[in-house]
Amino acid sequence: RTWRFPRRLIAGRPATLLAKKLRSHDAGCADAGAKAQAVLRVGTPVAERFACILDWYRYGEVHVPGWLSIASVLREAKTLQLPDVIVVNGRLRATGPAPAHQAAVQTVSRVLEGWPGFGAFFESLVVDVATHYRSV
């Protein structure tokens with residue numbers, strides 16, 4: 001699929017990969033007409049995800065239809081260097097691991113390092129819970 005859109009749409013988001021590629025293209029292009037309009041060709045199935053990404057360039061948020069995976073669009077957003085957090089279907093979503101998730105993983109790691117008998121404790125806890133629910 002081929003998209004044509006005003007150059008300023010992409011250039012207005014200078015930190016993204018597409019804006020960087022556009023600047024690189026412009027630096028090597030002497031034709032003013034070629035610089036005026038951006039043309040991008042994307043193959044299927046990337047085209048479906050890219051259509052959603054263009055929403056972010058246009059509106060500052062992304063709409064992902066129900067038949068398309070939000071996770072795949074977020075991976076595409078990360079690849080194209082969109083911000084770490086974007087609005088998808090009206091909700092804030094992280095394009096990579098969320099800071100809260102990273103903090104939780106670090107906290108669990110510290111607890112496990114500082115609690116040598118945690119494995120045995122947790123195993124006995126699971127056995128106690130299973131025993132309780134068998135008796136109910």
# chains A, B, ... in the order shown; residues from 1 in each chain; ligands from 1
>>> select_by_dssp(residues="chain A", states="alpha helix (DSSP H)", output="VMD selection string")
chain A and resid 7 to 11 17 to 27 32 to 36 46 to 59 70 to 79 99 to 114 118 to 135
>>> residues_around(residues="Thr16 of chain A", least_positions_apart="4", cutoff="10 Å", atoms="only C-alpha atoms", output="ChimeraX atom specification")
/A:10-12,20-22,57,77-83
>>> write_last_selection(atoms="N, CA and C atoms", output="mmCIF file, in the first residue's frame")
data_model
loop_
_atom_site.group_PDB
_atom_site.id
_atom_site.type_symbol
_atom_site.label_atom_id
_atom_site.label_comp_id
_atom_site.auth_asym_id
_atom_site.auth_seq_id
_atom_site.Cartn_x
_atom_site.Cartn_y
_atom_site.Cartn_z
ATOM 1 N N ILE A 10 4.819 14.390 9.246
ATOM 2 C CA ILE A 10 5.891 13.587 9.835
ATOM 3 C C ILE A 10 6.953 14.483 10.464
ATOM 4 N N ALA A 11 7.324 15.545 9.774
ATOM 5 C CA ALA A 11 8.373 16.444 10.262
ATOM 6 C C ALA A 11 7.985 17.089 11.589
ATOM 7 N N GLY A 12 6.702 17.205 11.847
ATOM 8 C CA GLY A 12 6.235 17.787 13.096
ATOM 9 C C GLY A 12 6.498 16.926 14.322
ATOM 10 N N LYS A 20 13.251 11.247 11.152
ATOM 11 C CA LYS A 20 14.703 11.165 10.944
ATOM 12 C C LYS A 20 15.006 10.703 9.523
ATOM 13 N N LYS A 21 14.267 9.712 9.039
ATOM 14 C CA LYS A 21 14.469 9.229 7.671
ATOM 15 C C LYS A 21 14.103 10.303 6.656
ATOM 16 N N LEU A 22 13.063 11.063 6.940
ATOM 17 C CA LEU A 22 12.651 12.145 6.060
ATOM 18 C C LEU A 22 13.744 13.211 5.971
ATOM 19 N N TYR A 57 0.342 10.366 14.204
ATOM 20 C CA TYR A 57 0.936 11.553 13.583
ATOM 21 C C TYR A 57 -0.125 12.625 13.335
ATOM 22 N N ALA A 77 4.898 0.864 16.973
ATOM 23 C CA ALA A 77 5.142 2.210 17.498
ATOM 24 C C ALA A 77 6.533 2.305 18.111
ATOM 25 N N LYS A 78 6.947 1.275 18.819
ATOM 26 C CA LYS A 78 8.288 1.268 19.409
ATOM 27 C C LYS A 78 9.352 1.244 18.317
ATOM 28 N N THR A 79 9.145 0.414 17.308
ATOM 29 C CA THR A 79 10.094 0.327 16.192
ATOM 30 C C THR A 79 10.237 1.665 15.486
ATOM 31 N N LEU A 80 9.124 2.385 15.357
ATOM 32 C CA LEU A 80 9.135 3.678 14.663
ATOM 33 C C LEU A 80 9.487 4.833 15.593
ATOM 34 N N GLN A 81 9.899 4.496 16.814
ATOM 35 C CA GLN A 81 10.389 5.449 17.808
ATOM 36 C C GLN A 81 9.361 6.512 18.192
ATOM 37 N N LEU A 82 8.106 6.080 18.328
ATOM 38 C CA LEU A 82 7.098 6.958 18.896
ATOM 39 C C LEU A 82 7.394 7.068 20.396
ATOM 40 N N PRO A 83 6.753 7.980 21.107
ATOM 41 C CA PRO A 83 7.036 8.116 22.544
ATOM 42 C C PRO A 83 6.801 6.813 23.310
#
>>> select_by_dssp(residues="chain A", states="strand (DSSP E)", output="PyMOL selection string")
chain A and resi 2-6+37-41+85-88+91-94
>>> closest_residue(among="A:His63, A:Arg8, A:Arg75, A:Arg110", to="Val88 of chain A", atoms="only C-alpha atoms")
A:His63
>>> residues_around(residues="Asp84 of chain A", least_positions_apart="4", cutoff="10 Å", atoms="only C-alpha atoms", output="ChimeraX atom specification")
/A:74,77-78,93-99
>>> closest_residue(among="A:Arg13, A:His132, A:Arg23, A:Arg7", to="Tyr59 of chain A", atoms="only C-alpha atoms")
A:Arg13
>>> atom_distance(atom1="atom CA of Ala104 of chain A", atom2="atom CA of Phe121 of chain A")
20.1 Å
>>> residues_around(residues="Val87 of chain A", least_positions_apart="2", cutoff="9 Å", atoms="only C-alpha atoms", output="list in words")
Trp56, Gly60, Glu61, Val62, His63, Val85, Asn89, Gly90, Arg91, Leu92, Arg93 and Ala94 of chain A
>>> atom_distance(atom1="atom CA of Ala100 of chain A", atom2="atom CA of Val129 of chain A")
28.4 Å
